[in-house]
$ cat run_36.txt   # compact mmCIF, C-alpha atoms and all ligand atoms
# COMPACT_ATOMS: atom_id res chain seq x y z
CA MET A 141 82.52 101.42 96.19
CA ASP A 142 86.06 100.01 96.50
CA PHE A 143 87.31 97.12 94.38
CA LEU A 144 86.86 94.35 96.97
CA THR A 145 83.39 95.55 97.96
CA GLN A 146 82.42 95.44 94.27
CA VAL A 147 83.89 91.95 93.89
CA LYS A 148 81.92 90.75 96.93
CA GLU A 149 78.67 92.25 95.65
CA LYS A 150 79.14 90.53 92.29
CA ALA A 151 80.15 87.24 93.96
CA LYS A 152 76.98 87.33 96.10
CA ALA A 153 74.86 87.65 92.99
CA LYS A 154 76.56 84.63 91.38
CA GLN A 155 76.28 82.19 94.34
CA LYS A 156 79.00 79.84 93.04
CA THR A 157 80.22 76.74 94.87
CA ILE A 158 83.83 76.98 96.05
CA ILE A 159 85.88 74.10 97.45
CA LEU A 160 88.36 74.72 100.28
CA PRO A 161 90.42 71.52 100.46
CA GLU A 162 92.32 72.53 103.60
CA GLY A 163 89.23 72.16 105.81
CA THR A 164 91.03 71.65 109.12
CA GLU A 165 93.32 74.66 108.68
CA ILE A 166 92.11 77.36 111.08
CA ARG A 167 92.33 80.45 108.83
CA THR A 168 90.61 78.50 106.07
CA LEU A 169 87.85 77.38 108.44
CA LYS A 170 87.31 80.91 109.77
CA GLY A 171 87.34 82.29 106.21
CA ALA A 172 84.76 79.68 105.19
CA VAL A 173 82.48 80.66 108.06
CA GLN A 174 82.78 84.40 107.30
CA ALA A 175 82.25 83.90 103.55
CA THR A 176 79.15 81.82 104.30
CA GLU A 177 77.80 84.44 106.73
CA GLN A 178 78.39 87.11 104.07
CA GLN A 179 76.76 84.83 101.44
CA LEU A 180 79.72 85.24 99.08
CA ALA A 181 79.54 81.63 97.87
CA LYS A 182 78.41 78.15 98.81
CA ILE A 183 81.37 76.55 100.58
CA ILE A 184 82.50 72.93 100.52
CA LEU A 185 85.22 72.08 103.04
CA LEU A 186 87.25 68.91 102.56
CA GLY A 187 88.38 67.24 105.76
CA ASN A 188 87.54 64.73 108.44
CA ILE A 189 84.05 65.72 109.58
CA GLY A 190 84.75 65.14 113.30
CA ALA A 191 88.02 67.09 113.12
CA VAL A 192 86.38 70.06 111.35
CA GLN A 193 83.53 70.07 113.87
CA ASN A 194 85.91 69.88 116.84
CA LEU A 195 87.92 72.80 115.53
CA ALA A 196 84.74 74.79 114.93
CA ASN A 197 83.52 74.03 118.47
CA GLN A 198 86.86 75.07 120.00
CA GLU A 199 86.69 78.38 118.11
CA ASN A 200 82.95 78.85 118.71
CA LEU A 201 82.23 78.86 114.97
CA SER A 202 78.94 77.87 113.39
CA LEU A 203 79.19 75.52 110.41
CA ASP A 204 75.62 76.26 109.30
CA GLY A 205 75.33 76.32 105.52
CA ILE A 206 78.77 74.74 104.96
CA THR A 207 79.11 71.30 103.35
CA ILE A 208 81.90 69.09 104.70
CA ILE A 209 83.16 66.16 102.66
CA ASP A 210 85.45 63.57 104.20
CA VAL A 211 87.72 62.55 101.34
CA ALA A 212 88.94 59.39 103.10
CA SER A 213 85.44 57.90 103.32
CA SER A 214 83.95 59.40 100.14
CA ASP A 215 82.13 57.03 97.78
CA LYS A 216 83.63 59.06 94.89
CA LEU A 217 87.21 58.01 95.67
CA GLU A 218 87.24 55.03 93.32
CA GLN A 219 85.52 56.87 90.44
CA TYR A 220 87.94 59.80 90.70
CA ALA A 221 90.94 57.49 90.99
CA GLU A 222 89.92 55.69 87.79
CA GLN A 223 89.39 59.01 85.98
CA PHE A 224 92.77 60.27 87.17
CA TYR A 225 94.43 57.02 86.10
CA GLU A 226 92.92 57.38 82.60
CA LEU A 227 94.14 61.01 82.42
CA ARG A 228 97.68 60.21 83.51
CA LYS A 229 98.41 56.63 82.42
CA HIS A 230 100.40 57.90 79.42
CA LYS A 231 102.68 59.52 82.02
CA GLY A 232 103.22 56.21 83.82
CA MET A 233 100.39 56.57 86.35
CA THR A 234 99.16 53.27 87.82
CA LEU A 235 95.70 52.65 89.25
CA GLU A 236 97.25 51.99 92.65
CA LYS A 237 99.13 55.30 92.61
CA ALA A 238 95.99 57.10 91.39
CA GLN A 239 94.01 55.66 94.32
CA GLU A 240 96.67 56.93 96.71
CA THR A 241 96.84 60.37 95.01
CA MET A 242 93.07 60.79 95.24
CA ARG A 243 93.29 60.75 99.05
CA ASN A 244 95.09 64.08 98.75
CA PRO A 245 92.33 66.71 99.11
CA LEU A 246 93.98 68.96 96.49
CA TYR A 247 93.59 66.26 93.84
CA PHE A 248 90.16 65.20 95.10
CA GLY A 249 89.00 68.84 94.91
CA ASN A 250 90.24 69.20 91.36
CA MET A 251 88.40 66.01 90.37
CA MET A 252 85.23 67.48 91.90
CA LEU A 253 85.73 70.49 89.62
CA MET A 254 86.25 68.21 86.62
CA ASN A 255 83.00 66.45 87.45
CA ASN A 256 81.10 69.75 87.78
CA GLU A 257 80.43 69.20 91.48
CA ALA A 258 81.71 72.69 92.26
CA ASP A 259 82.72 75.82 90.36
CA GLY A 260 86.09 76.83 91.80
CA MET A 261 88.72 76.00 94.40
CA LEU A 262 90.97 77.93 96.79
CA ALA A 263 93.93 76.38 98.63
CA GLY A 264 97.44 77.22 99.75
CA ALA A 265 97.16 78.19 103.42
CA GLU A 266 98.94 74.86 104.11
CA ASN A 267 100.14 73.64 100.71
CA THR A 268 102.91 75.22 98.63
CA THR A 269 102.20 77.13 95.40
CA GLY A 270 103.85 74.33 93.43
CA ASP A 271 101.59 71.66 94.99
CA VAL A 272 98.40 73.67 94.42
CA LEU A 273 99.37 74.47 90.82
CA ARG A 274 100.59 70.98 89.92
CA SER A 275 97.41 69.29 91.20
CA ALA A 276 95.31 71.51 88.94
CA LEU A 277 97.68 71.39 85.95
CA GLN A 278 97.59 67.57 86.02
CA THR A 279 93.79 67.35 86.21
CA ILE A 280 91.56 70.19 85.03
CA LYS A 281 94.29 71.70 82.81
CA THR A 282 93.82 74.85 80.73
CA LYS A 283 90.87 76.60 79.08
CA PRO A 284 90.24 75.98 75.37
CA GLY A 285 92.56 78.24 73.33
CA ILE A 286 94.96 78.81 76.27
CA ASN A 287 97.93 76.52 76.96
CA THR A 288 99.60 78.53 79.68
CA VAL A 289 98.41 79.09 83.22
CA SER A 290 99.68 82.33 84.69
CA GLY A 291 99.24 84.54 87.75
CA ALA A 292 97.88 88.08 87.74
CA PHE A 293 97.58 90.74 90.41
CA VAL A 294 94.99 93.47 90.70
CA MET A 295 97.14 96.47 91.65
CA ILE A 296 95.28 99.33 93.32
CA THR A 297 97.65 102.28 93.21
CA PRO A 298 97.10 105.68 94.83
CA ASP A 299 97.64 107.62 91.54
CA THR A 300 94.15 107.76 90.07
CA THR A 301 95.41 109.51 86.93
CA LEU A 302 96.95 106.22 85.74
CA GLY A 303 95.27 103.10 84.37
CA ASP A 304 91.59 102.80 85.34
CA ASN A 305 91.47 105.25 88.25
CA GLY A 306 94.79 103.90 89.47
CA ILE A 307 93.79 100.23 89.05
CA PHE A 308 95.79 97.82 86.87
CA ILE A 309 96.14 94.13 86.11
CA PHE A 310 99.79 92.95 86.21
CA GLY A 311 100.87 89.55 84.83
CA ASP A 312 102.52 87.09 84.89
CA CYS A 313 103.84 87.70 88.39
CA ALA A 314 103.62 84.17 89.76
CA VAL A 315 103.99 81.16 87.49
CA ASN A 316 106.12 81.03 84.30
CA PRO A 317 109.80 81.77 84.91
CA ASN A 318 110.77 82.30 81.28
CA PRO A 319 107.77 82.28 78.91
CA ASP A 320 108.37 81.93 75.16
CA SER A 321 106.46 84.17 72.75
CA GLN A 322 103.47 81.82 72.51
CA GLN A 323 103.27 81.58 76.30
CA LEU A 324 103.63 85.36 76.60
CA ALA A 325 100.74 85.80 74.15
CA ASP A 326 98.63 83.40 76.27
CA ILE A 327 99.52 85.43 79.37
CA ALA A 328 98.41 88.65 77.64
CA LEU A 329 95.08 87.13 76.54
CA SER A 330 94.42 85.75 80.03
CA CYS A 331 95.29 89.08 81.67
CA ALA A 332 92.82 90.84 79.34
CA GLN A 333 90.13 88.32 80.28
CA THR A 334 90.89 88.76 84.00
CA LYS A 335 90.65 92.53 83.64
CA GLU A 336 87.28 92.30 81.95
CA SER A 337 85.81 89.65 84.28
CA LEU A 338 87.04 91.17 87.55
CA LEU A 339 87.16 94.90 86.91
CA GLY A 340 84.74 95.31 84.01
CA GLY A 341 85.43 97.75 81.18
CA GLU A 342 87.71 97.25 78.22
CA ALA A 343 91.25 95.92 78.59
CA ARG A 344 94.08 98.02 77.11
CA VAL A 345 97.07 95.71 77.16
CA ALA A 346 100.70 96.87 77.06
CA MET A 347 103.40 94.30 76.25
CA LEU A 348 106.24 95.68 78.35
CA SER A 349 109.90 95.79 77.42
CA PHE A 350 113.00 97.93 77.85
CA SER A 351 112.33 99.14 74.30
CA THR A 352 109.49 101.22 72.80
CA LYS A 353 108.59 100.55 69.18
CA GLY A 354 112.05 99.63 67.97
CA SER A 355 114.08 102.00 70.16
CA ALA A 356 116.33 99.05 71.07
CA ARG A 357 117.13 95.79 69.31
CA HIS A 358 117.62 92.57 71.23
CA GLU A 359 116.32 88.99 71.12
CA ASN A 360 114.37 89.69 74.34
CA VAL A 361 112.56 92.51 72.52
CA ASP A 362 111.91 90.23 69.53
CA LYS A 363 110.16 87.79 71.87
CA VAL A 364 107.77 90.53 73.03
CA ILE A 365 107.03 91.65 69.45
CA GLU A 366 106.38 88.05 68.40
CA ALA A 367 104.04 87.56 71.37
CA LEU A 368 102.18 90.74 70.43
CA ASN A 369 101.64 89.44 66.89
CA ILE A 370 100.41 86.05 68.13
CA ALA A 371 97.97 87.71 70.56
CA LYS A 372 96.70 90.10 67.86
CA THR A 373 96.02 87.20 65.50
CA ALA A 374 94.22 85.25 68.23
CA ALA A 375 92.14 88.26 69.37
CA PRO A 376 91.96 90.88 66.61
CA GLU A 377 89.39 92.94 68.54
CA LEU A 378 91.63 93.30 71.62
CA HIS A 379 93.30 96.66 72.36
CA ILE A 380 96.90 95.52 72.72
CA ASP A 381 100.20 97.07 71.75
CA GLY A 382 103.94 96.74 72.24
CA GLU A 383 106.70 96.66 72.69
CA LEU A 384 106.39 99.50 75.18
CA GLN A 385 108.50 100.77 78.04
CA LEU A 386 106.56 101.18 81.27
CA ASP A 387 106.44 105.00 81.05
CA ALA A 388 105.24 104.91 77.45
CA ALA A 389 102.56 102.41 78.47
CA ILE A 390 101.00 104.43 81.29
CA VAL A 391 101.97 108.12 81.00
CA PRO A 392 100.11 109.99 78.20
CA SER A 393 102.79 112.67 77.69
CA VAL A 394 105.55 110.05 77.32
CA ALA A 395 103.35 108.00 75.02
CA GLN A 396 102.88 111.03 72.78
CA THR A 397 106.61 111.30 72.28
CA LYS A 398 107.58 107.64 72.16
CA ALA A 399 104.57 105.92 70.60
CA PRO A 400 102.27 108.58 69.11
CA ASP A 401 100.41 106.14 66.85
CA SER A 402 99.56 103.62 69.56
CA ASN A 403 95.95 103.28 70.72
CA VAL A 404 97.12 101.74 74.01
CA ALA A 405 100.26 103.67 74.97
CA GLY A 406 99.64 106.19 77.75
CA THR A 407 96.36 104.60 78.79
CA ALA A 408 97.21 100.94 79.39
CA ASN A 409 95.35 99.24 82.24
CA VAL A 410 96.88 95.76 81.76
CA LEU A 411 100.67 95.42 82.03
CA VAL A 412 102.23 92.22 80.68
CA PHE A 413 105.80 91.64 81.85
CA PRO A 414 108.29 89.82 79.61
CA ASP A 415 109.23 87.23 82.24
CA LEU A 416 108.64 86.21 85.84
CA GLN A 417 111.66 88.03 87.26
CA ALA A 418 110.36 91.33 85.87
CA GLY A 419 106.74 90.56 86.83
CA ASN A 420 107.38 89.38 90.36
CA ILE A 421 109.83 92.19 91.15
CA GLY A 422 107.61 94.71 89.34
CA TYR A 423 104.47 94.11 91.37
CA LYS A 424 106.41 94.14 94.63
CA LEU A 425 108.10 97.45 93.72
CA VAL A 426 104.73 99.06 93.10
CA GLN A 427 103.26 97.48 96.23
CA ARG A 428 106.08 98.67 98.49
CA PHE A 429 107.15 102.02 97.01
CA ALA A 430 103.77 103.25 95.81
CA LYS A 431 101.89 101.67 98.74
CA ALA A 432 99.59 99.92 96.30
CA ALA A 433 97.27 97.11 97.35
CA ALA A 434 98.24 93.92 95.51
CA ILE A 435 95.40 91.40 95.27
CA GLY A 436 96.48 87.98 94.05
CA PRO A 437 98.06 86.00 92.62
CA ILE A 438 94.88 85.31 90.71
CA LEU A 439 95.53 82.20 88.66
CA GLN A 440 94.26 82.52 85.11
CA GLY A 441 93.96 80.20 82.16
CA MET A 442 92.82 77.12 84.14
CA ALA A 443 89.76 75.33 82.80
CA LYS A 444 88.05 76.23 86.09
CA PRO A 445 89.23 78.81 88.62
CA VAL A 446 91.73 77.49 91.14
CA ASN A 447 93.52 80.02 93.30
CA ASP A 448 96.54 79.82 95.54
CA LEU A 449 96.77 81.50 98.94
CA SER A 450 100.04 82.50 100.52
CA ARG A 451 100.95 80.30 103.49
CA GLY A 452 101.18 83.57 105.40
CA CYS A 453 97.61 84.51 104.50
CA SER A 454 95.14 86.09 106.93
CA VAL A 455 91.50 85.10 107.44
CA GLN A 456 90.57 88.25 105.50
CA ASP A 457 92.74 87.09 102.57
CA VAL A 458 90.80 83.80 102.53
CA VAL A 459 87.45 85.63 102.48
CA ASP A 460 88.60 88.06 99.76
CA MET A 461 90.01 85.28 97.57
CA ILE A 462 86.81 83.22 97.94
CA ALA A 463 84.99 86.21 96.42
CA VAL A 464 87.60 86.65 93.66
CA THR A 465 87.46 82.93 92.82
CA ALA A 466 83.65 83.03 92.70
CA LEU A 467 83.79 85.97 90.32
CA GLN A 468 86.15 84.12 87.98
CA CYS A 469 83.61 81.28 87.65
CA GLU A 470 81.63 81.25 84.40
N1 LIG B 1 100.60 76.27 82.18
C1 LIG B 1 100.03 75.13 81.77
N2 LIG B 1 100.54 73.92 82.05
C2 LIG B 1 101.68 73.90 82.76
C3 LIG B 1 102.34 75.04 83.20
C4 LIG B 1 101.74 76.29 82.89
N3 LIG B 1 102.26 77.45 83.27
N4 LIG B 1 103.44 74.69 83.89
C5 LIG B 1 103.48 73.33 83.89
N5 LIG B 1 102.42 72.85 83.20
C6 LIG B 1 102.03 71.46 83.01
C7 LIG B 1 103.12 70.63 82.41
O1 LIG B 1 103.02 70.66 81.00
C8 LIG B 1 102.83 69.28 82.99
O2 LIG B 1 101.78 68.66 82.29
P1 LIG B 1 101.80 67.08 82.09
O3 LIG B 1 102.31 66.48 83.37
O4 LIG B 1 100.38 66.74 81.79
O5 LIG B 1 102.75 66.86 80.97
C9 LIG B 1 102.28 69.57 84.37
O6 LIG B 1 101.82 70.93 84.31
C10 LIG B 1 103.30 69.48 85.47
O7 LIG B 1 104.42 70.18 85.01
P2 LIG B 1 105.86 70.07 85.62
O8 LIG B 1 106.83 70.74 84.70
O9 LIG B 1 106.11 68.67 86.03
O10 LIG B 1 105.63 70.89 86.91
P3 LIG B 1 106.65 71.74 87.64
O11 LIG B 1 107.22 70.88 88.71
O12 LIG B 1 107.60 72.47 86.77
O13 LIG B 1 105.69 72.83 88.30
C11 LIG B 1 105.06 75.08 88.40
C12 LIG B 1 105.02 73.79 87.56
C13 LIG B 1 104.69 74.74 89.83
C14 LIG B 1 104.03 76.04 87.86
C15 LIG B 1 106.48 75.69 88.31
O14 LIG B 1 106.66 76.23 87.04
C16 LIG B 1 106.78 76.75 89.31
O15 LIG B 1 107.17 76.42 90.43
N6 LIG B 1 106.68 78.08 88.93
C17 LIG B 1 107.08 79.19 89.76
C18 LIG B 1 106.13 79.40 90.92
C19 LIG B 1 106.72 80.38 91.87
O16 LIG B 1 107.58 80.03 92.67
N7 LIG B 1 106.25 81.66 91.79
C20 LIG B 1 106.76 82.73 92.54
C21 LIG B 1 106.11 82.82 93.89
S1 LIG B 1 104.44 83.29 93.80
C22 LIG B 1 104.46 84.93 94.29
O17 LIG B 1 105.39 85.52 94.68
C23 LIG B 1 103.21 85.63 94.11

$ encode --input "run_36.txt" --output "structure tokens" --more "lines below"
Ligand code: ACO
Amino acid sequence: MDFLTQVKEKAKAKQKTIILPEGTEIRTLKGAVQATEQQLAKIILLGNIGAVQNLANQENLSLDGITIIDVASSDKLEQYAEQFYELRKHKGMTLEKAQETMRNPLYFGNMMLMNNEADGMLAGAENTTGDVLRSALQTIKTKPGINTVSGAFVMITPDTTLGDNGIFIFGDCAVNPNPDSQQLADIALSCAQTKESLLGGEARVAMLSFSTKGSARHENVDKVIEALNIAKTAAPELHIDGELQLDAAIVPSVAQTKAPDSNVAGTANVLVFPDLQAGNIGYKLVQRFAKAAAIGPILQGMAKPVNDLSRGCSVQDVVDMIAVTALQCE
């Protein structure tokens, strides 16, 4: 069974409730209908009820089984606005501004998550990455023990001799431009958690660098070593090692030469990049040159799963990411 089929099977068994705040966006609406037909999750669409129904009628879509909430007329608006004001007043938020902000479905959706009225959220077909991320970072914030939200990709490569049958988690490829060592340690811990929750099996985490075990000295390498030590202290049971060059991390024969004592080198299935330039370029290189499937970005470290779609997404991307989001839910 391929990765996405497995994710969908597991999502079906969990039956989580996922909010799609862009309810009048056509790909989102079609994705919601397909996910409901496939029983991947219970879907809540945010949007004007008449507008959603009109769009569904035009496209001949059945909204059976889908809940639609009209943010503008919701009786929760005032409660959420007050909660948001309390959360943000130290940042200069006023009640009036909070009331206005709560009319934005991204913020309303996050407040639903905070109030346990749903399990996860997926947006971004209309909104930018920054807007989706900021709305969640200002409300639900991070999981206990994690202070840094990051973005991972499941990379399905054709070379089944590498990683777990060719499958890897790459991170951070989407969020933190220049993480410090503490943030890099958080990214590594989140990537390990994503690997175990989405793919199953044990994570073997490589902290990537241009140096392997002291072969080069530079402050950028020191940052990776420091991050490794922080992550090891936080999760002593985790299989994690560094600093490792990419070849030492994933190729057993190179690992034998460059890092013979490492229990991760040569067999890593989670690759943690030292910064966003490396991570973002790295996943795209593998996607384009190796013809790998890149599934994500999967946001990790949020108190509840919130994922960001590309504005160029397809209906299939929406359906797939609904399943991924459902699987991230506890
Ligand atoms: N983890 C946890 N909290 C964070 C993070 C993070 N990574 N980043 C920001 N925050 C918090 C801040 O502490 C702040 O909290 P506070 O307001 O309670 O004090 C809040 O979130 C807002 O932070 P700002 O700094 O005001 O937000 P900013 O405008 O910098 O936006 C963002 C944050 C959107 C994540 C920004 O860092 C960003 O744009 N990152 C790059 C995204 C990107 O373009 N990725 C590449 C494309 S994606 C792709 O190709 C797959």

$ closest_atom_pairs --input "run_36.txt" --of "chain A" --to "ligand LIG 1 (chain B)" --cutoff "6 Å" --atoms "only C-alpha atoms and all ligand atoms" --output "CSV"
residue,atom,partner,partner_atom,distance
A:Gly270,CA,B:LIG1,C13,3.7
A:Leu273,CA,B:LIG1,C13,5.4
A:Arg274,CA,B:LIG1,C10,5.4
A:Leu277,CA,B:LIG1,O6,4.5
A:Gln278,CA,B:LIG1,O4,5.1
A:Asn287,CA,B:LIG1,C1,5.4
A:Thr288,CA,B:LIG1,N1,3.5
A:Val289,CA,B:LIG1,N1,3.7
A:Ser290,CA,B:LIG1,N3,5.7
A:Ala314,CA,B:LIG1,N7,4.2
A:Val315,CA,B:LIG1,C17,4.3
A:Asn316,CA,B:LIG1,N3,5.4
A:Pro437,CA,B:LIG1,C23,5.4

$ write_last_selection --input "run_36.txt" --atoms "C-alpha atoms" --output "mmCIF file, in the frame of the given file"
data_model
loop_
_atom_site.group_PDB
_atom_site.id
_atom_site.type_symbol
_atom_site.label_atom_id
_atom_site.label_comp_id
_atom_site.auth_asym_id
_atom_site.auth_seq_id
_atom_site.Cartn_x
_atom_site.Cartn_y
_atom_site.Cartn_z
ATOM 1 C CA GLY A 270 103.850 74.330 93.430
ATOM 2 C CA LEU A 273 99.370 74.470 90.820
ATOM 3 C CA ARG A 274 100.590 70.980 89.920
ATOM 4 C CA LEU A 277 97.680 71.390 85.950
ATOM 5 C CA GLN A 278 97.590 67.570 86.020
ATOM 6 C CA ASN A 287 97.930 76.520 76.960
ATOM 7 C CA THR A 288 99.600 78.530 79.680
ATOM 8 C CA VAL A 289 98.410 79.090 83.220
ATOM 9 C CA SER A 290 99.680 82.330 84.690
ATOM 10 C CA ALA A 314 103.620 84.170 89.760
ATOM 11 C CA VAL A 315 103.990 81.160 87.490
ATOM 12 C CA ASN A 316 106.120 81.030 84.300
ATOM 13 C CA PRO A 437 98.060 86.000 92.620
#

$ closest_residue --input "run_36.txt" --among "A:Thr373, A:Glu218, A:Ile286, A:Phe413" --to "Pro317 of chain A" --atoms "only C-alpha atoms"
A:Phe413

$ residues_around --input "run_36.txt" --residues "Phe248 of chain A" --least-positions-apart "5" --cutoff "8 Å" --atoms "all atoms listed in the file" --output "list in words"
Val211, Leu217, Tyr220, Met242 and Arg243 of chain A

$ residues_around --input "run_36.txt" --residues "Gly285 of chain A" --least-positions-apart "5" --cutoff "12 Å" --atoms "only C-alpha atoms" --output "PDB file with C-alpha atoms, in the coordinates of the input"
ATOM      1  CA  GLN A 322     103.470  81.820  72.510  1.00  0.00           C
ATOM      2  CA  GLN A 323     103.270  81.580  76.300  1.00  0.00           C
ATOM      3  CA  ALA A 325     100.740  85.800  74.150  1.00  0.00           C
ATOM      4  CA  ASP A 326      98.630  83.400  76.270  1.00  0.00           C
ATOM      5  CA  ILE A 327      99.520  85.430  79.370  1.00  0.00           C
ATOM      6  CA  LEU A 329      95.080  87.130  76.540  1.00  0.00           C
ATOM      7  CA  SER A 330      94.420  85.750  80.030  1.00  0.00           C
ATOM      8  CA  ALA A 371      97.970  87.710  70.560  1.00  0.00           C
ATOM      9  CA  ALA A 374      94.220  85.250  68.230  1.00  0.00           C
ATOM     10  CA  ALA A 375      92.140  88.260  69.370  1.00  0.00           C
ATOM     11  CA  GLY A 441      93.960  80.200  82.160  1.00  0.00           C
ATOM     12  CA  MET A 442      92.820  77.120  84.140  1.00  0.00           C
ATOM     13  CA  ALA A 443      89.760  75.330  82.800  1.00  0.00           C
TER      14      ALA A 443
END

$ atom_distance --input "run_36.txt" --atom1 "atom CA of Pro414 of chain A" --atom2 "atom CA of Ser349 of chain A"
6.6 Å

$ closest_residue --input "run_36.txt" --among "A:Lys424, A:Lys335, A:Lys170, A:Arg228" --to "Asn200 of chain A" --atoms "all atoms listed in the file"
A:Lys170

$ closest_atom_pairs --input "run_36.txt" --of "segment 342-373 of chain A" --to "segment 379-398 of chain A" --cutoff "9 Å" --atoms "only C-alpha atoms" --output "JSON lines"
{"residue": "A:Glu342", "atom": "CA", "partner": "A:His379", "partner_atom": "CA", "distance": 8.1}
{"residue": "A:Ala343", "atom": "CA", "partner": "A:His379", "partner_atom": "CA", "distance": 6.6}
{"residue": "A:Arg344", "atom": "CA", "partner": "A:His379", "partner_atom": "CA", "distance": 5.0}
{"residue": "A:Val345", "atom": "CA", "partner": "A:Ile380", "partner_atom": "CA", "distance": 4.4}
{"residue": "A:Ala346", "atom": "CA", "partner": "A:Asp381", "partner_atom": "CA", "distance": 5.3}
{"residue": "A:Met347", "atom": "CA", "partner": "A:Gly382", "partner_atom": "CA", "distance": 4.7}
{"residue": "A:Leu348", "atom": "CA", "partner": "A:Leu384", "partner_atom": "CA", "distance": 5.0}
{"residue": "A:Ser349", "atom": "CA", "partner": "A:Gln385", "partner_atom": "CA", "distance": 5.2}
{"residue": "A:Phe350", "atom": "CA", "partner": "A:Gln385", "partner_atom": "CA", "distance": 5.3}
{"residue": "A:Ser351", "atom": "CA", "partner": "A:Gln385", "partner_atom": "CA", "distance": 5.6}
{"residue": "A:Thr352", "atom": "CA", "partner": "A:Leu384", "partner_atom": "CA", "distance": 4.3}
{"residue": "A:Lys353", "atom": "CA", "partner": "A:Glu383", "partner_atom": "CA", "distance": 5.6}
{"residue": "A:Gly354", "atom": "CA", "partner": "A:Glu383", "partner_atom": "CA", "distance": 7.7}
{"residue": "A:Ser355", "atom": "CA", "partner": "A:Lys398", "partner_atom": "CA", "distance": 8.8}
{"residue": "A:Val361", "atom": "CA", "partner": "A:Glu383", "partner_atom": "CA", "distance": 7.2}
{"residue": "A:Asp362", "atom": "CA", "partner": "A:Glu383", "partner_atom": "CA", "distance": 8.9}
{"residue": "A:Val364", "atom": "CA", "partner": "A:Glu383", "partner_atom": "CA", "distance": 6.2}
{"residue": "A:Ile365", "atom": "CA", "partner": "A:Glu383", "partner_atom": "CA", "distance": 6.0}
{"residue": "A:Leu368", "atom": "CA", "partner": "A:Gly382", "partner_atom": "CA", "distance": 6.5}
{"residue": "A:Ala371", "atom": "CA", "partner": "A:Ile380", "partner_atom": "CA", "distance": 8.2}
{"residue": "A:Lys372", "atom": "CA", "partner": "A:Ile380", "partner_atom": "CA", "distance": 7.3}

$ residues_around --input "run_36.txt" --residues "Lys156 of chain A" --least-positions-apart "5" --cutoff "10 Å" --atoms "all atoms listed in the file" --output "PyMOL selection string"
chain A and resi 151+180-183+258-260+462-463+465-470

$ write_last_selection --input "run_36.txt" --atoms "C-alpha atoms" --output "mmCIF file, in the coordinates of the input"
data_model
loop_
_atom_site.group_PDB
_atom_site.id
_atom_site.type_symbol
_atom_site.label_atom_id
_atom_site.label_comp_id
_atom_site.auth_asym_id
_atom_site.auth_seq_id
_atom_site.Cartn_x
_atom_site.Cartn_y
_atom_site.Cartn_z
ATOM 1 C CA ALA A 151 80.150 87.240 93.960
ATOM 2 C CA LEU A 180 79.720 85.240 99.080
ATOM 3 C CA ALA A 181 79.540 81.630 97.870
ATOM 4 C CA LYS A 182 78.410 78.150 98.810
ATOM 5 C CA ILE A 183 81.370 76.550 100.580
ATOM 6 C CA ALA A 258 81.710 72.690 92.260
ATOM 7 C CA ASP A 259 82.720 75.820 90.360
ATOM 8 C CA GLY A 260 86.090 76.830 91.800
ATOM 9 C CA ILE A 462 86.810 83.220 97.940
ATOM 10 C CA ALA A 463 84.990 86.210 96.420
ATOM 11 C CA THR A 465 87.460 82.930 92.820
ATOM 12 C CA ALA A 466 83.650 83.030 92.700
ATOM 13 C CA LEU A 467 83.790 85.970 90.320
ATOM 14 C CA GLN A 468 86.150 84.120 87.980
ATOM 15 C CA CYS A 469 83.610 81.280 87.650
ATOM 16 C CA GLU A 470 81.630 81.250 84.400
#

$ residues_around --input "run_36.txt" --residues "Cys313 of chain A" --least-positions-apart "3" --cutoff "12 Å" --atoms "all atoms listed in the file" --output "PyMOL selection string"
chain A and resi 289-295+309-310+316-319+327+331+411-425+434-440

$ closest_residue --input "run_36.txt" --among "A:Lys431, A:Lys444, A:Arg451, A:Thr268" --to "Met251 of chain A" --atoms "all atoms listed in the file"
A:Lys444

$ closest_residue --input "run_36.txt" --among "A:Pro298, A:Glu240, A:Lys281, A:Thr164" --to "Ala433 of chain A" --atoms "all atoms listed in the file"
A:Pro298

$ closest_residue --input "run_36.txt" --among "A:Val426, A:Ile370, A:Leu169, A:Ile307" --to "Ala196 of chain A" --atoms "all atoms listed in the file"
A:Leu169

$ atom_distance --input "run_36.txt" --atom1 "atom CA of Ile280 of chain A" --atom2 "atom CA of Thr176 of chain A"
25.7 Å

$ build_atoms --input "run_36.txt" --residues "segment 376-381 of chain A" --atoms "N, CA and C atoms" --output "tab-separated table (two decimals), in the coordinates of the input"
chain	number	residue	atom	x	y	z
A	376	PRO	N	91.78	89.65	67.39
A	376	PRO	CA	91.96	90.88	66.61
A	376	PRO	C	91.23	92.08	67.19
A	377	GLU	N	90.18	91.83	67.98
A	377	GLU	CA	89.39	92.94	68.54
A	377	GLU	C	90.03	93.55	69.80
A	378	LEU	N	91.04	92.86	70.35
A	378	LEU	CA	91.63	93.30	71.62
A	378	LEU	C	92.51	94.54	71.44
A	379	HIS	N	92.39	95.51	72.36
A	379	HIS	CA	93.30	96.66	72.36
A	379	HIS	C	94.60	96.22	73.02
A	380	ILE	N	95.61	96.00	72.20
A	380	ILE	CA	96.90	95.52	72.72
A	380	ILE	C	98.00	96.14	71.87
A	381	ASP	N	99.09	96.52	72.53
A	381	ASP	CA	100.20	97.07	71.75
A	381	ASP	C	101.52	96.82	72.47
